[in-house]
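Presented below is the structure to which this report refers.
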There are 2 protein chains.
Amino acid sequence: MVVQSQQRIYAPVARDLDVVVDNLAGVWSSQQTRHAAVARRLAHILATPGKRVRPAVTLLASRLWGRDPDDRTIKMATAVELLHIATLIHDDTVDSADTRRGRATASSLWGGNMAVLLGDYVFATSAIFVCDTNSVRLIRRFAETIADLSRGELHEMLDAWSPGVTRDDYFARVYDKTASLFSTAAESGAVLGGGDADGVEALRSYGRDMGIAYQIVDDLFDFQCASDELGKPVGHDLGEGVLTLPSLIALHSGKAPGLEEYLAAESSCRPSLLPEAYAQVRASGALSEARGTAEEYLDRAAAALLSVPASEARESLLGLVQYARLRVS
Amino acid sequence: MVVQSQQRIYAPVARDLDVVVDNLAGVWSSQQTRHAAVARRLAHILATPGKRVRPAVTLLASRLWGRDPDDRTIKMATAVELLHIATLIHDDTVDSADTRRGRATASSLWGGNMAVLLGDYVFATSAIFVCDTNSVRLIRRFAETIADLSRGELHEMLDAWSPGVTRDDYFARVYDKTASLFSTAAESGAVLGGGDADGVEALRSYGRDMGIAYQIVDDLFDFQCASDELGKPVGHDLGEGVLTLPSLIALHSGKAPGLEEYLAAESSCRPSLLPEAYAQVRASGALSEARGTAEEYLDRAAAALLSVPASEARESLLGLVQYARLRVS
């Protein structure tokens, strides 16, 4: 299959995505008269260019049954993007990350306290946007997604350094952290686009499986890509004691005794043991196995779309799968 | 007027408040099977005994037109209490507070990062409960209240140490920080209890004015009560550069030159200037003027209730006003 460019994939919803970006700008400009310093900080956060993949999924899914996205759909897509941004603000605060996509994070610029409150405000704003769908069903799904996102981060923090973490724990955490919001993005688009129950279920599956694959790929990057590509240092997860799929595969294969030693060590000894643990995960064959798992999820995501009518929007959603496949290899 | 005991005021809704407390317990017990450590932490936070004044207001307001609170109303009251608790978690994190009502705060026990994520989870849980009202109108009001709460905290942080803060800034901040949620608590009870437009408006006013008075009284406590009564050190606000009504009155009266000096000083000199600034606010007559303002708001809150039918529930809502009056004097 020919891999489309991101621009080509987004083409059916490019105009609608512009409205989403305008809505984001509206959030900070509406605060201009209340408090210029709040507006400036929100502008820095909300004007950060991103891939906008989640709102694109909502908009594309809403087109699958031949409707143009209406105002409710665009508001839903805006809510999805705002929720993603709010989560990043708190995650970067918790991780003490200095940069995100090459720009200074809120916490590094203004301190953790300010970042917590700005994140709360963006969370609230996302919830206000989702109310514009006028659908209690979608609002409830959205609220549950906020709970999933924070539970995923909580579990990640609490499970750090624990060699007892299972693959099931990992997949539950990945659903909460990433796949829940992808799934909500796709499902809500299908609901607003007039999909029937089977169509909505298909899009929910598509979003979930894309989200899981997306997170596995992200976790793989931590073991294979140069620092500047991802905007965070390689080995960051393992450095924080966070066991992702590659580490878990290596740990359970018995081929990474250095990883076991690293996890069991006193915290003062860990930095010196990290390079060997990291190298053993890489050498264990775990990366290729994890890559295979990501591809399985991408296959499932593509298969879920077979039941919905063929259209330009469906091609784009399949294009996103292919695009993610490129990141795996 | 005879001041009723808090127990007597709550009597008409005592059984319903027990269900609210059961709902709070359900939040953490539902996490027991997912992650025991999350459940334990949520239990510590949600089992903290509080005055439960906000859910009591919702439940009482819902009884004004003769209905017993139904499941939707009790879920709304639960959402209101959860939102209040979530806000306290993040506020205590931002303020680095060690205790709240004599119990260790989440941030002091488990660090700021864990507290941020636990707060996010409780925020999300409150949003899920409010969806059970099945009313987009109430859900939207709730989402706007979350935005108000975080904006109030943002403005407080950004306006610290600024002698240019006006009374209008203060009242806008107090609405956001405290009165918005009181107002939502009262208004939502009225909506769910079947109040007409005038009745709903009356309860919204009642909640707003009670909330403003409540916050002024809280701000007064910072100038007059012993540390152990409030659970935070006296002079805390001024120590953080937060100008509340007493400070603003003193500042604008010109009777507290030491306060002007304190605000203008280098941060290293401030601790030595704080006692004199604090003493000048106390000596300026500002406390009694602020007390008078709080009483005006309490008068308005009571007056708003005159338009709703007399009932046991109305007596209790008036009882809460009288109870707050006691705190003023």
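Chain labels follow the order of the structure tokens: the first chain is A, the next B, and so on; residue numbering restarts at 1 in every chain, and ligands are counted from 1 in their shown order.
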### Query
Residues of chain A within 7 Å of chain B, using only C-alpha atoms, as a list in words?
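Listing them in order of chain and number gives Val94, Asn113, Leu117, Asp120, Tyr121, Ala124, Thr125, Ala127, Ile128, Cys131, Asn134, Val136, Arg140, Ala143, Glu144, Ile146, Ala147, Ser150, Arg151 and Leu154 of chain A.
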### Message
Write out as a VMD selection string the set of residues from region 4-35 of chain B that DSSP, computed on the backbone, places in helix (DSSP H, G or I).
### Response
chain B and resid 6 to 29
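Our summary of the geometry notes that CA of Val57 (chain A) is positioned 5.6 Å from CA of Ala186 (chain A).
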I'd like the superposed copy of chain A - fitted to chain B by least squares over all paired Cα atoms - as a CSV table (one decimal) with C-alpha atoms, in the first residue's frame.
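Final output, saved to out-v2.csv:
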```
chain,number,residue,atom,x,y,z
A,1,MET,CA,-33.0,34.7,65.4
A,2,VAL,CA,-32.0,31.6,67.3
A,3,VAL,CA,-29.0,29.9,65.7
A,4,GLN,CA,-29.6,26.3,65.1
A,5,SER,CA,-26.9,23.7,65.6
A,6,GLN,CA,-25.2,22.3,62.4
A,7,GLN,CA,-26.8,18.9,63.2
A,8,ARG,CA,-30.3,20.5,63.3
A,9,ILE,CA,-29.7,22.5,60.1
A,10,TYR,CA,-28.7,19.3,58.3
A,11,ALA,CA,-31.5,17.2,59.7
A,12,PRO,CA,-33.9,17.4,56.7
A,13,VAL,CA,-31.1,15.9,54.5
A,14,ALA,CA,-29.1,13.8,57.0
A,15,ARG,CA,-30.1,10.5,55.4
A,16,ASP,CA,-29.3,11.8,51.9
A,17,LEU,CA,-25.9,13.1,53.0
A,18,ASP,CA,-25.1,9.6,54.3
A,19,VAL,CA,-25.7,8.4,50.7
A,20,VAL,CA,-23.4,11.1,49.4
A,21,VAL,CA,-20.7,9.8,51.8
A,22,ASP,CA,-21.4,6.2,50.6
A,23,ASN,CA,-20.9,7.4,47.1
A,24,LEU,CA,-17.5,8.9,48.0
A,25,ALA,CA,-16.5,5.6,49.5
A,26,GLY,CA,-17.6,3.9,46.3
A,27,VAL,CA,-15.1,5.9,44.4
A,28,TRP,CA,-12.1,4.4,46.2
A,29,SER,CA,-13.5,0.9,46.8
A,30,SER,CA,-14.2,0.6,43.0
A,31,GLN,CA,-10.4,1.0,42.5
A,32,GLN,CA,-9.6,-1.8,45.0
A,33,THR,CA,-9.5,-4.5,42.3
A,34,ARG,CA,-7.6,-2.3,39.8
A,35,HIS,CA,-4.8,-1.0,42.0
A,36,ALA,CA,-4.8,-1.3,45.8
A,37,ALA,CA,-2.3,1.5,46.3
A,38,VAL,CA,-4.6,3.9,44.3
A,39,ALA,CA,-7.6,2.8,46.4
A,40,ARG,CA,-5.7,3.4,49.7
A,41,ARG,CA,-4.7,6.9,48.7
A,42,LEU,CA,-8.2,7.8,47.5
A,43,ALA,CA,-9.6,6.4,50.7
A,44,HIS,CA,-7.4,8.7,52.8
A,45,ILE,CA,-8.5,11.7,50.7
A,46,LEU,CA,-12.2,10.9,50.4
A,47,ALA,CA,-12.8,9.6,53.9
A,48,THR,CA,-11.5,12.9,55.5
A,49,PRO,CA,-14.5,14.2,57.4
A,50,GLY,CA,-15.6,17.6,56.2
A,51,LYS,CA,-18.5,19.9,56.9
A,52,ARG,CA,-20.2,18.8,53.6
A,53,VAL,CA,-21.8,22.2,53.4
A,54,ARG,CA,-21.9,22.3,49.6
A,55,PRO,CA,-23.8,18.9,49.1
A,56,ALA,CA,-26.1,19.9,52.0
A,57,VAL,CA,-27.0,23.1,50.1
A,58,THR,CA,-27.8,21.1,46.9
A,59,LEU,CA,-29.9,18.6,48.8
A,60,LEU,CA,-31.7,21.3,50.8
A,61,ALA,CA,-32.4,23.4,47.7
A,62,SER,CA,-33.9,20.4,46.0
A,63,ARG,CA,-36.4,20.1,48.8
A,64,LEU,CA,-37.8,23.6,48.6
A,65,TRP,CA,-40.6,22.7,46.2
A,66,GLY,CA,-41.8,19.7,48.2
A,67,ARG,CA,-39.9,16.9,46.4
A,68,ASP,CA,-37.7,14.3,48.1
A,69,PRO,CA,-34.2,14.3,46.6
A,70,ASP,CA,-34.1,11.6,43.9
A,71,ASP,CA,-31.0,9.7,42.8
A,72,ARG,CA,-30.0,12.4,40.3
A,73,THR,CA,-30.0,15.0,43.1
A,74,ILE,CA,-27.9,12.8,45.3
A,75,LYS,CA,-25.5,12.2,42.4
A,76,MET,CA,-25.3,16.0,41.8
A,77,ALA,CA,-24.6,16.6,45.5
A,78,THR,CA,-21.8,13.9,45.3
A,79,ALA,CA,-20.3,15.6,42.3
A,80,VAL,CA,-20.3,19.0,44.1
A,81,GLU,CA,-18.4,17.5,47.1
A,82,LEU,CA,-16.0,15.6,44.8
A,83,LEU,CA,-15.2,18.8,42.9
A,84,HIS,CA,-14.6,20.6,46.2
A,85,ILE,CA,-12.2,17.9,47.4
A,86,ALA,CA,-10.3,17.8,44.0
A,87,THR,CA,-9.8,21.5,44.3
A,88,LEU,CA,-8.5,21.2,47.8
A,89,ILE,CA,-6.0,18.6,46.7
A,90,HIS,CA,-4.5,20.8,44.0
A,91,ASP,CA,-4.7,23.9,46.2
A,92,ASP,CA,-2.8,22.2,49.0
A,93,THR,CA,-0.3,21.0,46.5
A,94,VAL,CA,0.2,24.5,45.1
A,95,ASP,CA,0.4,26.0,48.6
A,96,SER,CA,2.7,23.2,49.9
A,97,ALA,CA,0.2,22.8,52.8
A,98,ASP,CA,1.1,20.0,55.2
A,99,THR,CA,-2.3,19.5,56.9
A,100,ARG,CA,-5.9,20.1,56.1
A,101,ARG,CA,-8.4,19.6,59.0
A,102,GLY,CA,-5.7,18.0,61.1
A,103,ARG,CA,-4.9,15.3,58.5
A,104,ALA,CA,-1.8,15.2,56.4
A,105,THR,CA,-2.4,16.4,52.8
A,106,ALA,CA,-1.9,14.2,49.8
A,107,SER,CA,1.1,16.3,48.7
A,108,SER,CA,2.8,16.0,52.1
A,109,LEU,CA,2.3,12.3,52.2
A,110,TRP,CA,3.1,11.2,48.7
A,111,GLY,CA,4.7,14.2,47.0
A,112,GLY,CA,3.3,16.9,44.7
A,113,ASN,CA,3.3,14.7,41.6
A,114,MET,CA,1.2,12.0,43.1
A,115,ALA,CA,-1.2,14.7,44.5
A,116,VAL,CA,-1.6,16.3,41.1
A,117,LEU,CA,-2.6,13.0,39.5
A,118,LEU,CA,-4.9,12.0,42.4
A,119,GLY,CA,-6.5,15.5,42.1
A,120,ASP,CA,-7.0,15.0,38.4
A,121,TYR,CA,-8.6,11.6,39.0
A,122,VAL,CA,-11.0,13.1,41.6
A,123,PHE,CA,-11.9,15.9,39.2
A,124,ALA,CA,-12.8,13.3,36.5
A,125,THR,CA,-14.8,11.4,39.0
A,126,SER,CA,-16.8,14.4,39.9
A,127,ALA,CA,-17.5,15.0,36.2
A,128,ILE,CA,-18.7,11.4,35.8
A,129,PHE,CA,-21.2,11.8,38.7
A,130,VAL,CA,-22.6,15.0,37.3
A,131,CYS,CA,-23.4,13.1,34.1
A,132,ASP,CA,-25.9,11.0,36.1
A,133,THR,CA,-28.1,14.1,36.3
A,134,ASN,CA,-28.7,13.5,32.6
A,135,SER,CA,-29.0,17.3,32.2
A,136,VAL,CA,-26.6,19.0,29.7
A,137,ARG,CA,-27.6,22.3,31.4
A,138,LEU,CA,-26.3,21.2,34.8
A,139,ILE,CA,-23.2,19.5,33.3
A,140,ARG,CA,-22.3,22.6,31.5
A,141,ARG,CA,-22.7,24.8,34.6
A,142,PHE,CA,-20.5,22.3,36.4
A,143,ALA,CA,-17.8,22.4,33.7
A,144,GLU,CA,-17.9,26.2,33.8
A,145,THR,CA,-17.5,26.0,37.6
A,146,ILE,CA,-14.3,23.9,37.2
A,147,ALA,CA,-13.0,26.6,34.9
A,148,ASP,CA,-14.0,29.3,37.4
A,149,LEU,CA,-12.2,27.5,40.3
A,150,SER,CA,-8.9,27.1,38.4
A,151,ARG,CA,-9.1,30.7,37.0
A,152,GLY,CA,-9.6,32.0,40.6
A,153,GLU,CA,-6.5,30.1,41.8
A,154,LEU,CA,-4.5,31.3,38.7
A,155,HIS,CA,-5.5,34.9,39.3
A,156,GLU,CA,-4.6,34.6,43.0
A,157,MET,CA,-1.2,33.4,42.2
A,158,LEU,CA,-0.5,36.0,39.4
A,159,ASP,CA,-1.8,38.9,41.5
A,160,ALA,CA,0.3,38.1,44.5
A,161,TRP,CA,2.5,40.9,45.7
A,162,SER,CA,0.8,43.4,43.4
A,163,PRO,CA,-0.3,46.6,45.2
A,164,GLY,CA,-2.4,47.4,42.1
A,165,VAL,CA,-5.0,44.7,42.9
A,166,THR,CA,-8.4,46.3,43.2
A,167,ARG,CA,-11.5,45.4,45.2
A,168,ASP,CA,-13.1,44.4,41.9
A,169,ASP,CA,-10.2,42.0,41.2
A,170,TYR,CA,-10.8,40.6,44.7
A,171,PHE,CA,-14.5,40.0,44.3
A,172,ALA,CA,-14.0,38.5,40.8
A,173,ARG,CA,-11.4,36.1,42.3
A,174,VAL,CA,-13.6,35.2,45.2
A,175,TYR,CA,-16.5,34.5,42.9
A,176,ASP,CA,-14.3,32.2,40.9
A,177,LYS,CA,-12.6,30.5,43.9
A,178,THR,CA,-15.6,30.0,46.1
A,179,ALA,CA,-18.9,31.5,45.2
A,180,SER,CA,-19.2,29.8,41.8
A,181,LEU,CA,-19.3,26.3,43.3
A,182,PHE,CA,-21.7,27.4,46.1
A,183,SER,CA,-23.9,29.0,43.5
A,184,THR,CA,-23.8,25.8,41.3
A,185,ALA,CA,-24.6,23.7,44.4
A,186,ALA,CA,-27.7,25.7,45.2
A,187,GLU,CA,-28.8,26.3,41.6
A,188,SER,CA,-28.5,22.6,40.6
A,189,GLY,CA,-30.5,21.6,43.7
A,190,ALA,CA,-33.3,24.1,42.7
A,191,VAL,CA,-33.3,22.8,39.0
A,192,LEU,CA,-33.5,19.2,40.2
A,193,GLY,CA,-36.1,20.0,42.8
A,194,GLY,CA,-38.5,21.5,40.2
A,195,GLY,CA,-38.0,25.2,40.9
A,196,ASP,CA,-39.2,27.6,38.3
A,197,ALA,CA,-36.9,30.2,36.6
A,198,ASP,CA,-37.4,32.7,39.5
A,199,GLY,CA,-36.8,30.0,42.1
A,200,VAL,CA,-33.6,28.8,40.3
A,201,GLU,CA,-32.4,32.4,40.1
A,202,ALA,CA,-33.1,33.0,43.8
A,203,LEU,CA,-31.0,29.9,44.7
A,204,ARG,CA,-28.2,30.9,42.4
A,205,SER,CA,-28.1,34.3,44.2
A,206,TYR,CA,-28.3,32.6,47.6
A,207,GLY,CA,-25.3,30.4,46.7
A,208,ARG,CA,-23.3,33.2,45.2
A,209,ASP,CA,-23.7,35.6,48.1
A,210,MET,CA,-23.2,32.8,50.7
A,211,GLY,CA,-20.0,31.8,48.9
A,212,ILE,CA,-18.7,35.4,48.8
A,213,ALA,CA,-19.4,35.9,52.5
A,214,TYR,CA,-17.9,32.5,53.3
A,215,GLN,CA,-14.7,33.4,51.6
A,216,ILE,CA,-14.5,36.9,53.2
A,217,VAL,CA,-14.9,35.2,56.6
A,218,ASP,CA,-12.2,32.7,55.7
A,219,ASP,CA,-9.9,35.6,54.7
A,220,LEU,CA,-10.7,37.3,58.0
A,221,PHE,CA,-9.7,34.2,59.9
A,222,ASP,CA,-6.2,34.6,58.6
A,223,PHE,CA,-6.0,37.8,60.6
A,224,GLN,CA,-7.7,36.8,63.8
A,225,CYS,CA,-7.7,33.2,64.7
A,226,ALA,CA,-5.2,30.9,66.4
A,227,SER,CA,-3.3,28.6,64.1
A,228,ASP,CA,-4.9,25.4,65.3
A,229,GLU,CA,-8.5,26.5,64.8
A,230,LEU,CA,-8.1,26.9,61.0
A,231,GLY,CA,-5.5,24.3,60.5
A,232,LYS,CA,-3.2,26.8,58.7
A,233,PRO,CA,-0.9,29.4,60.2
A,234,VAL,CA,-2.3,32.9,60.8
A,235,GLY,CA,-0.9,35.5,58.3
A,236,HIS,CA,-0.5,32.8,55.7
A,237,ASP,CA,-2.2,34.8,52.9
A,238,LEU,CA,-0.1,37.9,53.5
A,239,GLY,CA,3.0,35.8,53.9
A,240,GLU,CA,2.4,34.6,50.4
A,241,GLY,CA,1.7,38.1,49.1
A,242,VAL,CA,-2.0,37.3,48.6
A,243,LEU,CA,-4.1,40.5,49.2
A,244,THR,CA,-7.5,39.7,50.6
A,245,LEU,CA,-10.3,42.1,51.6
A,246,PRO,CA,-8.8,43.2,54.9
A,247,SER,CA,-5.4,43.9,53.4
A,248,LEU,CA,-7.0,45.7,50.4
A,249,ILE,CA,-9.1,47.9,52.7
A,250,ALA,CA,-6.1,48.7,54.8
A,251,LEU,CA,-3.9,49.4,51.8
A,252,HIS,CA,-6.4,51.7,50.1
A,253,SER,CA,-7.1,53.6,53.4
A,254,GLY,CA,-3.5,54.7,53.6
A,255,LYS,CA,-3.4,53.5,57.2
A,256,ALA,CA,-1.0,50.7,56.6
A,257,PRO,CA,2.3,52.2,55.2
A,258,GLY,CA,4.1,49.1,56.5
A,259,LEU,CA,2.0,46.9,54.2
A,260,GLU,CA,3.0,49.1,51.2
A,261,GLU,CA,6.7,48.8,52.3
A,262,TYR,CA,6.3,45.0,52.7
A,263,LEU,CA,4.9,44.5,49.2
A,264,ALA,CA,7.5,46.7,47.6
A,265,ALA,CA,10.4,45.0,49.5
A,266,GLU,CA,12.9,42.6,48.1
A,267,SER,CA,11.8,39.1,48.8
A,268,SER,CA,14.6,38.4,51.2
A,269,CYS,CA,13.5,41.4,53.4
A,270,ARG,CA,9.9,40.5,53.5
A,271,PRO,CA,9.8,38.1,56.4
A,272,SER,CA,11.2,40.8,58.7
A,273,LEU,CA,8.5,43.3,57.5
A,274,LEU,CA,5.6,40.9,57.7
A,275,PRO,CA,4.7,41.3,61.4
A,276,GLU,CA,4.4,45.1,61.2
A,277,ALA,CA,2.4,44.9,58.0
A,278,TYR,CA,0.1,42.4,59.6
A,279,ALA,CA,-0.3,44.4,62.8
A,280,GLN,CA,-1.1,47.6,60.8
A,281,VAL,CA,-3.9,45.8,58.8
A,282,ARG,CA,-5.3,44.7,62.2
A,283,ALA,CA,-5.1,48.2,63.7
A,284,SER,CA,-6.5,49.9,60.6
A,285,GLY,CA,-10.1,49.1,61.2
A,286,ALA,CA,-10.1,47.0,58.1
A,287,LEU,CA,-11.2,43.8,59.8
A,288,SER,CA,-14.4,45.4,61.1
A,289,GLU,CA,-15.1,46.9,57.7
A,290,ALA,CA,-14.6,43.5,56.0
A,291,ARG,CA,-16.8,41.9,58.6
A,292,GLY,CA,-19.5,44.5,57.7
A,293,THR,CA,-19.1,43.5,54.0
A,294,ALA,CA,-19.5,39.8,54.8
A,295,GLU,CA,-22.7,40.6,56.8
A,296,GLU,CA,-24.1,42.5,53.8
A,297,TYR,CA,-23.6,39.4,51.6
A,298,LEU,CA,-25.2,37.2,54.3
A,299,ASP,CA,-28.2,39.6,54.4
A,300,ARG,CA,-28.5,39.4,50.6
A,301,ALA,CA,-28.3,35.6,50.8
A,302,ALA,CA,-31.1,35.4,53.3
A,303,ALA,CA,-33.2,37.9,51.3
A,304,ALA,CA,-32.9,35.8,48.2
A,305,LEU,CA,-34.7,33.0,50.0
A,306,LEU,CA,-37.8,35.2,50.8
A,307,SER,CA,-39.3,34.5,47.3
A,308,VAL,CA,-39.3,30.7,47.7
A,309,PRO,CA,-42.0,28.8,49.7
A,310,ALA,CA,-41.5,28.5,53.4
A,311,SER,CA,-40.5,25.0,54.5
A,312,GLU,CA,-38.2,23.1,56.8
A,313,ALA,CA,-35.6,23.1,54.0
A,314,ARG,CA,-35.8,26.9,53.7
A,315,GLU,CA,-35.3,27.2,57.4
A,316,SER,CA,-32.1,25.1,57.1
A,317,LEU,CA,-30.8,27.2,54.3
A,318,LEU,CA,-31.5,30.3,56.5
A,319,GLY,CA,-29.9,28.5,59.4
A,320,LEU,CA,-26.7,28.2,57.3
A,321,VAL,CA,-26.7,31.9,56.9
A,322,GLN,CA,-27.1,32.4,60.6
A,323,TYR,CA,-24.3,29.9,61.2
A,324,ALA,CA,-22.0,31.8,58.9
A,325,ARG,CA,-23.0,35.0,60.8
A,326,LEU,CA,-21.7,33.5,64.0
A,327,ARG,CA,-18.3,32.9,62.3
A,328,VAL,CA,-18.1,36.6,61.4
A,329,SER,CA,-18.6,38.0,64.9
```
### Task
Apply DSSP to the structure's backbone, then extract all residues of region 70-274 of chain A labelled strand (DSSP E or B) and return them as number ranges by chain.
A: 99-100, 103-104
How about saving the chosen residues, N, CA and C atoms kept, as an mmCIF file, in the first residue's frame?
```cif
data_model
loop_
_atom_site.group_PDB
_atom_site.id
_atom_site.type_symbol
_atom_site.label_atom_id
_atom_site.label_comp_id
_atom_site.auth_asym_id
_atom_site.auth_seq_id
_atom_site.Cartn_x
_atom_site.Cartn_y
_atom_site.Cartn_z
ATOM 1 N N THR A 99 11.242 20.423 27.830
ATOM 2 C CA THR A 99 10.734 20.809 26.513
ATOM 3 C C THR A 99 9.738 19.777 26.010
ATOM 4 N N ARG A 100 8.894 20.222 25.106
ATOM 5 C CA ARG A 100 7.912 19.360 24.434
ATOM 6 C C ARG A 100 7.826 19.903 23.016
ATOM 7 N N ARG A 103 9.627 23.172 22.337
ATOM 8 C CA ARG A 103 9.257 24.404 23.059
ATOM 9 C C ARG A 103 9.325 24.138 24.555
ATOM 10 N N ALA A 104 9.654 25.187 25.305
ATOM 11 C CA ALA A 104 9.735 25.041 26.753
ATOM 12 C C ALA A 104 8.357 24.664 27.308
#
```
